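J.: Here you go, work-v8.cif (mmCIF, C-alpha atoms):
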data_data
loop_
_atom_site.group_PDB
_atom_site.id
_atom_site.type_symbol
_atom_site.label_atom_id
_atom_site.label_comp_id
_atom_site.auth_asym_id
_atom_site.auth_seq_id
_atom_site.Cartn_x
_atom_site.Cartn_y
_atom_site.Cartn_z
ATOM 1 C CA MET Y 226 9.890 10.542 26.663
ATOM 2 C CA SER Y 227 7.857 13.608 27.491
ATOM 3 C CA THR Y 228 5.550 13.692 24.502
ATOM 4 C CA PRO Y 229 2.054 12.614 25.507
ATOM 5 C CA ILE Y 230 0.916 9.523 23.647
ATOM 6 C CA SER Y 231 -2.343 11.239 22.752
ATOM 7 C CA TYR Y 232 -0.387 13.581 20.452
ATOM 8 C CA PHE Y 233 0.639 10.613 18.350
ATOM 9 C CA VAL Y 234 -2.907 9.298 18.329
ATOM 10 C CA LEU Y 235 -4.078 12.720 17.197
ATOM 11 C CA VAL Y 236 -1.598 12.786 14.304
ATOM 12 C CA SER Y 237 -2.722 9.278 13.440
ATOM 13 C CA ALA Y 238 -6.354 10.412 13.401
ATOM 14 C CA LEU Y 239 -5.510 13.348 11.146
ATOM 15 C CA LEU Y 240 -3.626 11.121 8.725
ATOM 16 C CA PHE Y 241 -6.398 8.532 8.701
ATOM 17 C CA THR Y 242 -8.955 11.227 7.969
ATOM 18 C CA THR Y 243 -6.805 12.611 5.167
ATOM 19 C CA GLY Y 244 -6.638 9.144 3.666
ATOM 20 C CA THR Y 245 -10.402 8.702 3.986
ATOM 21 C CA VAL Y 246 -11.076 12.008 2.239
ATOM 22 C CA GLY Y 247 -8.601 11.010 -0.456
ATOM 23 C CA VAL Y 248 -10.434 7.748 -1.080
ATOM 24 C CA LEU Y 249 -13.711 9.629 -1.318
ATOM 25 C CA VAL Y 250 -12.721 12.486 -3.623
ATOM 26 C CA ARG Y 251 -10.123 11.051 -5.983
ATOM 27 C CA LYS Y 252 -11.067 9.239 -9.179
ATOM 28 C CA ASN Y 253 -7.729 7.851 -10.252
ATOM 29 C CA ALA Y 254 -7.451 4.283 -8.990
ATOM 30 C CA LEU Y 255 -3.757 4.710 -8.200
ATOM 31 C CA LEU Y 256 -4.374 7.771 -6.032
ATOM 32 C CA ILE Y 257 -7.197 6.001 -4.229
ATOM 33 C CA PHE Y 258 -4.766 3.197 -3.567
ATOM 34 C CA MET Y 259 -2.173 5.588 -2.183
ATOM 35 C CA SER Y 260 -4.801 7.062 0.117
ATOM 36 C CA VAL Y 261 -5.551 3.578 1.404
ATOM 37 C CA GLU Y 262 -1.833 3.194 2.128
ATOM 38 C CA LEU Y 263 -1.967 6.446 4.087
ATOM 39 C CA GLN Y 264 -4.823 5.069 6.149
ATOM 40 C CA LEU Y 265 -2.956 1.840 6.842
ATOM 41 C CA ASN Y 266 0.078 3.807 7.975
ATOM 42 C CA ALA Y 267 -2.020 5.976 10.251
ATOM 43 C CA VAL Y 268 -3.377 2.848 11.902
ATOM 44 C CA ASN Y 269 0.180 1.533 12.282
ATOM 45 C CA LEU Y 270 1.164 4.723 14.067
ATOM 46 C CA ALA Y 271 -1.785 4.386 16.419
ATOM 47 C CA LEU Y 272 -0.896 0.748 17.126
ATOM 48 C CA VAL Y 273 2.716 1.588 17.968
ATOM 49 C CA ALA Y 274 1.586 4.503 20.145
ATOM 50 C CA PHE Y 275 -0.813 2.230 22.036
ATOM 51 C CA SER Y 276 1.967 -0.300 22.431
ATOM 52 C CA ARG Y 277 4.133 2.397 24.011
ATOM 53 C CA GLN Y 278 1.320 3.372 26.356
ATOM 54 C CA ALA Y 279 0.428 -0.168 27.358
ATOM 55 C CA GLY Y 280 4.051 -1.070 27.974
ATOM 56 C CA ASN Y 281 4.150 -4.270 25.919
ATOM 57 C CA LEU Y 282 5.059 -5.224 22.384
ATOM 58 C CA THR Y 283 1.723 -6.580 21.172
ATOM 59 C CA GLY Y 284 0.891 -3.373 19.339
ATOM 60 C CA GLN Y 285 4.194 -3.458 17.502
ATOM 61 C CA VAL Y 286 3.605 -7.067 16.466
ATOM 62 C CA LEU Y 287 0.187 -6.050 15.146
ATOM 63 C CA ALA Y 288 1.737 -3.150 13.241
ATOM 64 C CA PHE Y 289 4.223 -5.590 11.739
ATOM 65 C CA PHE Y 290 1.423 -7.877 10.565
ATOM 66 C CA SER Y 291 -0.418 -4.874 9.193
ATOM 67 C CA MET Y 292 2.657 -3.980 7.127
ATOM 68 C CA VAL Y 293 2.807 -7.500 5.703
ATOM 69 C CA VAL Y 294 -0.872 -7.428 4.792
ATOM 70 C CA ALA Y 295 -0.408 -3.988 3.212
ATOM 71 C CA ALA Y 296 2.431 -5.318 1.080
ATOM 72 C CA ALA Y 297 0.332 -8.257 -0.142
ATOM 73 C CA GLU Y 298 -2.606 -5.953 -0.803
ATOM 74 C CA VAL Y 299 -0.479 -3.556 -2.836
ATOM 75 C CA VAL Y 300 0.864 -6.361 -5.003
ATOM 76 C CA VAL Y 301 -2.578 -7.740 -5.865
ATOM 77 C CA GLY Y 302 -4.219 -4.322 -6.147
ATOM 78 C CA LEU Y 303 -1.638 -2.930 -8.529
ATOM 79 C CA ALA Y 304 -1.950 -6.052 -10.667
ATOM 80 C CA ILE Y 305 -5.713 -5.492 -10.811
ATOM 81 C CA ILE Y 306 -5.189 -1.834 -11.772
ATOM 82 C CA VAL Y 307 -2.770 -2.848 -14.523
ATOM 83 C CA SER Y 308 -5.196 -5.397 -15.954
ATOM 84 C CA LEU Y 309 -8.026 -2.851 -15.688
ATOM 85 C CA TYR Y 310 -5.906 -0.348 -17.586
ATOM 86 C CA ARG Y 311 -5.208 -2.951 -20.256
ATOM 87 C CA LYS Y 312 -8.943 -3.418 -20.813
ATOM 88 C CA ARG Y 313 -10.111 0.203 -20.599
ATOM 89 C CA HIS Y 314 -6.969 2.280 -21.270
ATOM 90 C CA SER Y 315 -7.828 4.390 -18.245
ATOM 91 C CA ALA Y 316 -7.147 4.173 -14.532
ATOM 92 C CA ASP Y 317 -10.299 6.043 -13.558
ATOM 93 C CA VAL Y 318 -12.587 4.101 -11.274
ATOM 94 C CA ASP Y 319 -15.585 5.615 -13.089
ATOM 95 C CA ASP Y 320 -14.598 3.689 -16.201
ATOM 96 C CA ALA Y 321 -14.678 0.340 -14.435
ATOM 97 C CA ARG Y 322 -18.284 -0.571 -15.106
ATOM 98 C CA PHE Y 323 -18.042 -4.089 -16.424
ATOM 99 C CA LEU Y 324 -20.822 -5.354 -14.195
ATOM 100 C CA LYS Y 325 -23.214 -2.550 -15.041
ATOM 101 C CA TRP Y 326 -25.737 -2.888 -17.887
ATOM 102 C CA MET X 279 11.829 20.771 26.697
ATOM 103 C CA HIS X 280 12.861 17.255 25.919
ATOM 104 C CA ALA X 281 14.362 16.150 22.663
ATOM 105 C CA ASP X 282 11.472 13.891 21.693
ATOM 106 C CA LEU X 283 9.004 16.767 22.024
ATOM 107 C CA VAL X 284 11.141 18.847 19.664
ATOM 108 C CA VAL X 285 11.299 15.947 17.214
ATOM 109 C CA PHE X 286 7.547 15.527 17.436
ATOM 110 C CA TRP X 287 6.776 19.176 16.731
ATOM 111 C CA VAL X 288 9.197 19.241 13.818
ATOM 112 C CA ILE X 289 7.984 16.008 12.245
ATOM 113 C CA ALA X 290 4.235 16.145 12.913
ATOM 114 C CA PRO X 291 3.477 19.183 10.686
ATOM 115 C CA ILE X 292 5.568 17.677 7.882
ATOM 116 C CA SER X 293 3.674 14.429 8.238
ATOM 117 C CA VAL X 294 0.189 15.943 8.170
ATOM 118 C CA LEU X 295 1.003 18.467 5.437
ATOM 119 C CA SER X 296 2.584 15.854 3.189
ATOM 120 C CA GLY X 297 -0.506 13.687 3.636
ATOM 121 C CA VAL X 298 -2.848 16.541 2.715
ATOM 122 C CA ALA X 299 -0.676 17.539 -0.229
ATOM 123 C CA MET X 300 -0.644 13.930 -1.399
ATOM 124 C CA VAL X 301 -4.436 13.838 -1.517
ATOM 125 C CA LEU X 302 -4.621 17.182 -3.332
ATOM 126 C CA ALA X 303 -1.773 16.522 -5.769
ATOM 127 C CA ARG X 304 -2.613 16.810 -9.451
ATOM 128 C CA ASN X 305 0.267 14.744 -10.695
ATOM 129 C CA ALA X 306 0.389 11.075 -9.696
ATOM 130 C CA VAL X 307 4.200 11.096 -9.482
ATOM 131 C CA HIS X 308 4.120 14.064 -7.124
ATOM 132 C CA ALA X 309 1.558 12.266 -4.997
ATOM 133 C CA ALA X 310 3.813 9.211 -4.793
ATOM 134 C CA LEU X 311 6.825 11.311 -3.771
ATOM 135 C CA LEU X 312 4.798 13.105 -1.079
ATOM 136 C CA LEU X 313 3.637 9.739 0.187
ATOM 137 C CA ILE X 314 7.286 8.680 0.522
ATOM 138 C CA VAL X 315 7.926 11.789 2.645
ATOM 139 C CA ASN X 316 4.969 10.821 4.790
ATOM 140 C CA PHE X 317 6.314 7.287 5.241
ATOM 141 C CA PHE X 318 9.661 8.660 6.387
ATOM 142 C CA THR X 319 8.016 10.905 8.973
ATOM 143 C CA LEU X 320 6.061 7.927 10.272
ATOM 144 C CA ALA X 321 9.315 5.996 10.520
ATOM 145 C CA VAL X 322 10.706 8.772 12.717
ATOM 146 C CA PHE X 323 7.591 8.524 14.887
ATOM 147 C CA PHE X 324 8.223 4.808 15.314
ATOM 148 C CA LEU X 325 11.764 5.580 16.422
ATOM 149 C CA VAL X 326 10.531 8.105 18.977
ATOM 150 C CA LEU X 327 7.992 5.596 20.254
ATOM 151 C CA GLY X 328 10.723 3.087 21.024
ATOM 152 C CA SER X 329 10.552 0.753 18.034
ATOM 153 C CA PRO X 330 13.758 0.869 15.972
ATOM 154 C CA PHE X 331 12.797 -2.394 14.277
ATOM 155 C CA LEU X 332 9.593 -0.958 12.829
ATOM 156 C CA PHE X 333 11.534 2.193 11.883
ATOM 157 C CA VAL X 334 13.801 0.127 9.647
ATOM 158 C CA VAL X 335 10.978 -2.072 8.357
ATOM 159 C CA GLN X 336 8.917 0.994 7.507
ATOM 160 C CA ILE X 337 11.716 2.452 5.403
ATOM 161 C CA ILE X 338 12.642 -0.817 3.694
ATOM 162 C CA VAL X 339 9.150 -2.166 3.053
ATOM 163 C CA TYR X 340 7.116 0.978 2.497
ATOM 164 C CA ALA X 341 9.483 3.628 1.202
ATOM 165 C CA GLY X 342 11.606 1.026 -0.543
ATOM 166 C CA ALA X 343 9.463 -1.763 -1.923
ATOM 167 C CA ILE X 344 5.882 -0.552 -2.008
ATOM 168 C CA MET X 345 6.581 2.911 -3.367
ATOM 169 C CA VAL X 346 8.886 1.496 -6.034
ATOM 170 C CA LEU X 347 5.965 -0.695 -7.121
ATOM 171 C CA PHE X 348 3.670 2.328 -7.174
ATOM 172 C CA LEU X 349 6.084 4.464 -9.183
ATOM 173 C CA PHE X 350 6.731 1.572 -11.546
ATOM 174 C CA VAL X 351 3.008 1.183 -12.249
ATOM 175 C CA ILE X 352 2.560 4.954 -12.648
ATOM 176 C CA MET X 353 5.347 5.071 -15.210
ATOM 177 C CA LEU X 354 4.113 1.895 -16.912
ATOM 178 C CA LEU X 355 0.557 3.133 -17.337
ATOM 179 C CA GLY X 356 1.541 6.704 -18.132
ATOM 180 C CA VAL X 357 -1.152 8.141 -15.871
ATOM 181 C CA ALA X 358 1.139 10.884 -14.639
ATOM 182 C CA GLN X 359 -0.849 13.553 -16.472
ATOM 183 C CA GLN X 360 -3.182 15.798 -14.546
ATOM 184 C CA THR X 361 -6.203 14.246 -12.926
ATOM 185 C CA PRO X 362 -8.529 17.192 -12.346
ATOM 186 C CA LEU X 363 -10.418 17.334 -9.097
ATOM 187 C CA ARG X 364 -13.084 19.616 -10.475
ATOM 188 C CA ASP X 365 -15.042 17.572 -12.976
ATOM 189 C CA GLN X 366 -17.067 15.625 -10.495
ATOM 190 C CA MET X 367 -20.004 16.099 -8.226
ATOM 191 C CA LYS X 368 -19.919 19.432 -6.437
ATOM 192 C CA ALA X 369 -21.142 18.095 -3.121
ATOM 193 C CA GLN X 370 -18.681 15.241 -2.885
ATOM 194 C CA PRO X 371 -15.584 17.075 -1.549
ATOM 195 C CA VAL X 372 -17.755 19.002 0.907
ATOM 196 C CA LEU X 373 -19.352 15.839 2.198
ATOM 197 C CA ALA X 374 -15.963 14.168 2.424
ATOM 198 C CA GLY X 375 -14.605 17.142 4.402
ATOM 199 C CA LEU X 376 -17.555 16.993 6.784
ATOM 200 C CA LEU X 377 -17.030 13.278 7.299
ATOM 201 C CA GLY X 378 -13.341 13.872 7.891
ATOM 202 C CA ALA X 379 -13.969 16.569 10.484
ATOM 203 C CA GLY X 380 -16.411 14.243 12.195
ATOM 204 C CA LEU X 381 -13.823 11.482 12.297
ATOM 205 C CA VAL X 382 -11.196 13.757 13.846
ATOM 206 C CA ALA X 383 -13.654 15.046 16.441
ATOM 207 C CA GLU X 384 -14.654 11.502 17.281
ATOM 208 C CA VAL X 385 -11.095 10.342 17.857
ATOM 209 C CA ILE X 386 -10.220 13.414 19.934
ATOM 210 C CA LEU X 387 -13.283 12.777 22.048
ATOM 211 C CA ALA X 388 -12.420 9.125 22.433
ATOM 212 C CA VAL X 389 -8.866 9.910 23.498
ATOM 213 C CA ARG X 390 -9.677 12.805 25.789
ATOM 214 C CA ILE X 391 -12.863 11.722 27.476
ATOM 215 C CA GLY X 392 -13.252 8.025 26.844
ATOM 216 C CA LEU X 393 -10.543 6.431 28.888
ATOM 217 C CA GLY X 394 -8.553 9.199 30.506
ATOM 218 C CA PHE X 395 -5.889 7.645 28.407
ATOM 219 C CA HIS X 396 -3.347 10.449 28.358
ATOM 220 C CA ARG X 397 -3.230 10.848 32.128
ATOM 221 C CA LYS X 398 -1.818 7.442 32.895
ATOM 222 C CA PRO X 399 1.921 7.359 33.526
ATOM 223 C CA LEU X 400 3.980 5.757 30.811
ATOM 224 C CA ALA X 401 5.465 2.341 31.382
ATOM 225 C CA ASN X 402 9.232 1.979 31.413
ATOM 226 C CA PHE X 403 9.799 0.883 27.858
ATOM 227 C CA ALA X 404 13.507 0.225 28.303
ATOM 228 C CA LEU X 405 12.470 -2.712 30.468
ATOM 229 C CA VAL X 406 10.182 -4.030 27.718
ATOM 230 C CA ASN X 407 12.900 -3.580 25.089
ATOM 231 C CA ARG X 408 15.480 -5.373 27.199
ATOM 232 C CA GLY X 409 18.089 -6.995 24.960
ATOM 233 C CA GLY X 410 17.135 -4.787 22.036
ATOM 234 C CA ASN X 411 13.823 -4.072 20.388
ATOM 235 C CA THR X 412 14.398 -6.656 17.652
ATOM 236 C CA HIS X 413 15.117 -9.438 20.118
ATOM 237 C CA ALA X 414 12.166 -8.517 22.304
ATOM 238 C CA LEU X 415 9.850 -8.333 19.305
ATOM 239 C CA ALA X 416 11.123 -11.662 18.003
ATOM 240 C CA SER X 417 10.514 -13.374 21.316
ATOM 241 C CA VAL X 418 6.912 -12.169 21.262
ATOM 242 C CA LEU X 419 6.421 -12.911 17.570
ATOM 243 C CA PHE X 420 7.849 -16.420 17.583
ATOM 244 C CA ASN X 421 6.207 -17.548 20.792
ATOM 245 C CA ARG X 422 2.797 -16.063 21.237
ATOM 246 C CA TYR X 423 2.103 -15.080 17.638
ATOM 247 C CA PHE X 424 3.809 -17.976 15.914
ATOM 248 C CA PHE X 425 0.730 -19.340 14.130
ATOM 249 C CA PRO X 426 -0.334 -15.955 12.670
ATOM 250 C CA PHE X 427 3.235 -15.488 11.525
ATOM 251 C CA GLU X 428 3.113 -18.762 9.603
ATOM 252 C CA VAL X 429 -0.265 -17.866 8.101
ATOM 253 C CA THR X 430 1.369 -14.662 6.889
ATOM 254 C CA SER X 431 3.740 -16.669 4.705
ATOM 255 C CA VAL X 432 0.751 -18.380 3.064
ATOM 256 C CA LEU X 433 -0.785 -14.962 2.476
ATOM 257 C CA LEU X 434 2.359 -13.719 0.748
ATOM 258 C CA ILE X 435 2.506 -16.752 -1.544
ATOM 259 C CA VAL X 436 -1.168 -16.352 -2.439
ATOM 260 C CA ALA X 437 -0.600 -12.659 -3.164
ATOM 261 C CA ALA X 438 2.366 -13.403 -5.410
ATOM 262 C CA ILE X 439 0.437 -16.041 -7.383
ATOM 263 C CA GLY X 440 -2.587 -13.760 -7.622
ATOM 264 C CA ALA X 441 -0.486 -10.912 -8.957
ATOM 265 C CA MET X 442 1.016 -13.232 -11.569
ATOM 266 C CA LEU X 443 -2.426 -14.409 -12.677
ATOM 267 C CA HIS X 444 -3.731 -10.853 -12.944
ATOM 268 C CA GLY X 445 -0.672 -9.474 -14.625
ATOM 269 C CA ARG X 446 -0.173 -12.022 -17.379
ATOM 270 C CA ARG X 447 -1.596 -11.480 -20.833
ATOM 271 C CA ARG X 448 -4.522 -13.674 -21.772
ATOM 272 C CA ILE X 449 -3.929 -16.274 -24.494
ATOM 273 C CA GLU X 450 -6.923 -15.170 -26.592
ATOM 274 C CA GLU X 451 -5.576 -11.653 -26.774
ATOM 275 C CA GLU X 452 -2.440 -12.855 -28.498
ATOM 276 C CA GLU X 453 -2.158 -13.176 -32.239
ATOM 277 C CA THR X 454 -2.992 -16.703 -33.235
ATOM 278 C CA ILE X 455 -0.381 -18.667 -35.083
ATOM 279 C CA ASP X 456 -2.734 -21.359 -36.365
ATOM 280 C CA VAL X 457 -2.560 -22.102 -40.068
ATOM 281 C CA PRO X 458 -6.057 -22.179 -41.630
ATOM 282 C CA ALA X 459 -6.893 -25.696 -42.759
ATOM 283 C CA GLU X 460 -8.594 -24.721 -46.091
ATOM 284 C CA ASP X 461 -5.374 -23.161 -47.372
ATOM 285 C CA ALA X 462 -3.557 -26.462 -47.289
ATOM 286 C CA ASP X 463 -3.753 -26.792 -51.105
ATOM 287 C CA ALA X 464 -1.996 -23.476 -51.603
ATOM 288 C CA GLY X 465 0.999 -24.660 -49.607
ATOM 289 C CA PRO X 466 3.810 -26.807 -50.865
ATOM 290 C CA GLU X 467 3.160 -30.457 -51.618
ATOM 291 C CA PRO X 468 3.694 -32.773 -48.687
ATOM 292 C CA GLY X 469 6.827 -34.739 -49.272
ATOM 293 C CA SER X 470 8.512 -32.142 -51.485
ATOM 294 C CA PRO X 471 11.711 -30.418 -50.279
ATOM 295 C CA THR X 472 9.948 -27.041 -50.035
ATOM 296 C CA TYR X 473 7.363 -28.562 -47.693
ATOM 297 C CA TYR X 474 10.029 -29.750 -45.320
ATOM 298 C CA ALA X 475 11.733 -26.385 -45.507
ATOM 299 C CA ALA X 476 8.451 -24.668 -44.591
ATOM 300 C CA VAL X 477 7.548 -27.021 -41.784
ATOM 301 C CA GLY X 478 11.018 -27.055 -40.410
ATOM 302 C CA THR X 479 11.623 -30.785 -40.126
ATOM 303 C CA GLU X 480 13.941 -32.857 -42.181
ATOM 304 C CA PRO X 481 12.748 -36.045 -43.862
ATOM 305 C CA GLU X 482 14.131 -39.133 -42.251
ATOM 306 C CA ALA X 483 17.117 -40.474 -44.060
ATOM 307 C CA PRO X 484 16.517 -43.944 -45.512
ATOM 308 C CA SER X 485 18.748 -46.432 -43.824
#
Starting from the file, give its structure as structure tokens.

T.:
Amino acid sequence: MSTPISYFVLVSALLFTTGTVGVLVRKNALLIFMSVELQLNAVNLALVAFSRQAGNLTGQVLAFFSMVVAAAEVVVGLAIIVSLYRKRHSADVDDARFLKW
Amino acid sequence: MHADLVVFWVIAPISVLSGVAMVLARNAVHAALLLIVNFFTLAVFFLVLGSPFLFVVQIIVYAGAIMVLFLFVIMLLGVAQQTPLRDQMKAQPVLAGLLGAGLVAEVILAVRIGLGFHRKPLANFALVNRGGNTHALASVLFNRYFFPFEVTSVLLIVAAIGAMLHGRRRIEEEETIDVPAEDADAGPEPGSPTYYAAVGTEPEAPS
């Protein structure tokens, strides 16, 4: 293994930033959700890279838990998007203004 | 040049470019497919970093299960048509780009200066993965992290029930099947054969 661990952390930072920009500029709820997935994956990559650097498996266990939480989050989030679409016939987050007067 | 460096320099551009293309994609289906590419590149990274277990889990859980859910919802809602990036505030993408650049700079600074992280020699990971990565991971997971692992199962059950509650159709949205009470005179006489045919129950046979 000759690749420096910081390279992986750098890729992870780039992916996380891409996901953040995606959350900020997109309006479609599904695309925002995909950007959040990108962020979660970037964090997973950083955790596994740190685990490799530290020489123990704690980071990999954390990445595993993060995957489980991401799966649960996707299930509930997509259900919310579907029920939002049923009410508004649109997946745009700008149309979700039920709490606004 | 070692093999893992070659793998890194082949996979890393694909990973970053697929992520950027996913954010910029017009079509939601294209975005989902690019995200699958990105998940596969991350799986390869996990393999390079000495975690074959997470490599397999990444492909099965993310590229398999989660993206199938995403594509299913995209097809179900029919939101695959173009979602223009233009018709919004002008300053928003610029501000987002500035924030993104700041984030990257911050992480580079943290890695390079903060801890002198990259100069430390790497631990021998073959020793950590003794007996296979899956076995080693399991021995950590089921000893030290046993309680969080059990809490995870509760989380999954709660998520499944929550998705069912959100996804079902509300009763009041359904067509009602109640018969209005004031129309009772218009119906067949109670006790007549037509009444029993309409209600669907047979009169009891006299014994």

J.: Could you produce a table of the residues of chain Y lying within 6 Å of chain X, with the nearest pair of atoms per residue and their separation in Å rounded to one decimal, using all atoms listed in the file, ordered by chain and increasing residue number, as a tab-separated table?

T.:
residue	atom	partner	partner_atom	distance
Y:Thr228	CA	X:Leu283	CA	5.2
Y:Ser231	CA	X:His396	CA	5.7
Y:Ala238	CA	X:Val382	CA	5.9
Y:Thr242	CA	X:Gly378	CA	5.1
Y:Val246	CA	X:Ala374	CA	5.3
Y:Gly247	CA	X:Val301	CA	5.1
Y:Val250	CA	X:Pro371	CA	5.8
Y:Gln278	CA	X:Leu400	CA	5.7
Y:Gly280	CA	X:Ala401	CA	5.0
Y:Ala297	CA	X:Ala437	CA	5.4
Y:Val301	CA	X:Ala441	CA	4.9
Y:Ala304	CA	X:Ala441	CA	5.4

J.: Leaving out Y:Asn266 and any residue of its chain fewer than 3 positions from it, which residues lie within 10 Å of it when counting all atoms listed in the file, given as a PyMOL selection string?

T.: (chain Y and resi 237+240-241+244+260-263+269-272+288+291-292+295) or (chain X and resi 316-317+320-321+336+340)

J.: Nearest to Y:Val234 among X:Ala388, X:Thr319, X:Ile289, X:Arg408, with distances taken over all atoms listed in the file: which residue is it?

T.: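 Looking only at the distances to Y:Val234, the closest residue turns out to be X:Ala388.
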
J.: Taking into account only C-alpha atoms, which residue in the set Y:Leu309, Y:Leu235, Y:Ala274, Y:Val293 is nearest to Y:Arg322?

T.: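 Result for the nearest residue to Y:Arg322: Y:Leu309.
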
J.: Please, what distance in Å, to one decimal, runs between atom CA of X:Leu312 and atom CA of Y:Gln264?

T.: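 Here the two named atoms are 14.5 Å from each other.
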
J.: Using all atoms listed in the file, which of Y:Val307, Y:Ala279, Y:Val273, Y:Val300 sits nearest Y:Phe233?

T.: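 Residue with the minimum atom-to-atom distance to Y:Phe233: Y:Val273.
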
J.: Can you work out the spacing between atom CA of Y:His314 and atom CA of X:Val315 in Å, to one decimal?

T.: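 These atoms are spaced 29.7 Å apart.
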
J.: Using Å and a single decimal, report how far atom CA of Y:Val318 sits from atom CA of Y:Lys252.

T.: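 Result for atom CA of Y:Lys252 versus atom CA of Y:Val318: 5.8 Å, one decimal.
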
J.: Missing atoms in stretch 298-317 of chain Y should be modelled up to N, CA and C atoms and reported as a compact mmCIF listing (two decimals), keeping the file's coordinate frame.

T.:
# COMPACT_ATOMS: atom_id res chain seq x y z
N GLU Y 298 -1.48 -6.66 -0.20
CA GLU Y 298 -2.61 -5.95 -0.80
C GLU Y 298 -2.14 -5.07 -1.95
N VAL Y 299 -0.99 -4.41 -1.77
CA VAL Y 299 -0.48 -3.56 -2.84
C VAL Y 299 -0.13 -4.37 -4.07
N VAL Y 300 0.47 -5.54 -3.86
CA VAL Y 300 0.86 -6.36 -5.00
C VAL Y 300 -0.37 -6.76 -5.82
N VAL Y 301 -1.39 -7.29 -5.14
CA VAL Y 301 -2.58 -7.74 -5.86
C VAL Y 301 -3.33 -6.55 -6.45
N GLY Y 302 -3.46 -5.48 -5.68
CA GLY Y 302 -4.22 -4.32 -6.15
C GLY Y 302 -3.60 -3.68 -7.37
N LEU Y 303 -2.28 -3.54 -7.37
CA LEU Y 303 -1.64 -2.93 -8.53
C LEU Y 303 -1.77 -3.83 -9.75
N ALA Y 304 -1.74 -5.15 -9.53
CA ALA Y 304 -1.95 -6.05 -10.67
C ALA Y 304 -3.36 -5.88 -11.22
N ILE Y 305 -4.34 -5.71 -10.34
CA ILE Y 305 -5.71 -5.49 -10.81
C ILE Y 305 -5.81 -4.18 -11.59
N ILE Y 306 -5.14 -3.12 -11.07
CA ILE Y 306 -5.19 -1.83 -11.77
C ILE Y 306 -4.55 -1.95 -13.15
N VAL Y 307 -3.43 -2.69 -13.22
CA VAL Y 307 -2.77 -2.85 -14.52
C VAL Y 307 -3.68 -3.59 -15.50
N SER Y 308 -4.34 -4.65 -15.02
CA SER Y 308 -5.20 -5.40 -15.95
C SER Y 308 -6.44 -4.59 -16.30
N LEU Y 309 -6.91 -3.75 -15.38
CA LEU Y 309 -8.03 -2.85 -15.69
C LEU Y 309 -7.62 -1.85 -16.75
N TYR Y 310 -6.40 -1.31 -16.61
CA TYR Y 310 -5.91 -0.35 -17.59
C TYR Y 310 -5.76 -0.98 -18.96
N ARG Y 311 -5.38 -2.27 -18.98
CA ARG Y 311 -5.21 -2.95 -20.26
C ARG Y 311 -6.55 -3.08 -20.98
N LYS Y 312 -7.62 -3.27 -20.20
CA LYS Y 312 -8.94 -3.42 -20.81
C LYS Y 312 -9.53 -2.08 -21.23
N ARG Y 313 -9.39 -1.05 -20.38
CA ARG Y 313 -10.11 0.20 -20.60
C ARG Y 313 -9.23 1.36 -21.05
N HIS Y 314 -7.92 1.20 -20.98
CA HIS Y 314 -6.97 2.28 -21.27
C HIS Y 314 -7.24 3.51 -20.43
N SER Y 315 -7.59 3.28 -19.17
CA SER Y 315 -7.83 4.39 -18.24
C SER Y 315 -7.77 3.83 -16.84
N ALA Y 316 -7.23 4.62 -15.92
CA ALA Y 316 -7.15 4.17 -14.53
C ALA Y 316 -8.22 4.81 -13.68
N ASP Y 317 -9.22 5.44 -14.33
CA ASP Y 317 -10.30 6.04 -13.56
C ASP Y 317 -11.25 4.97 -13.05
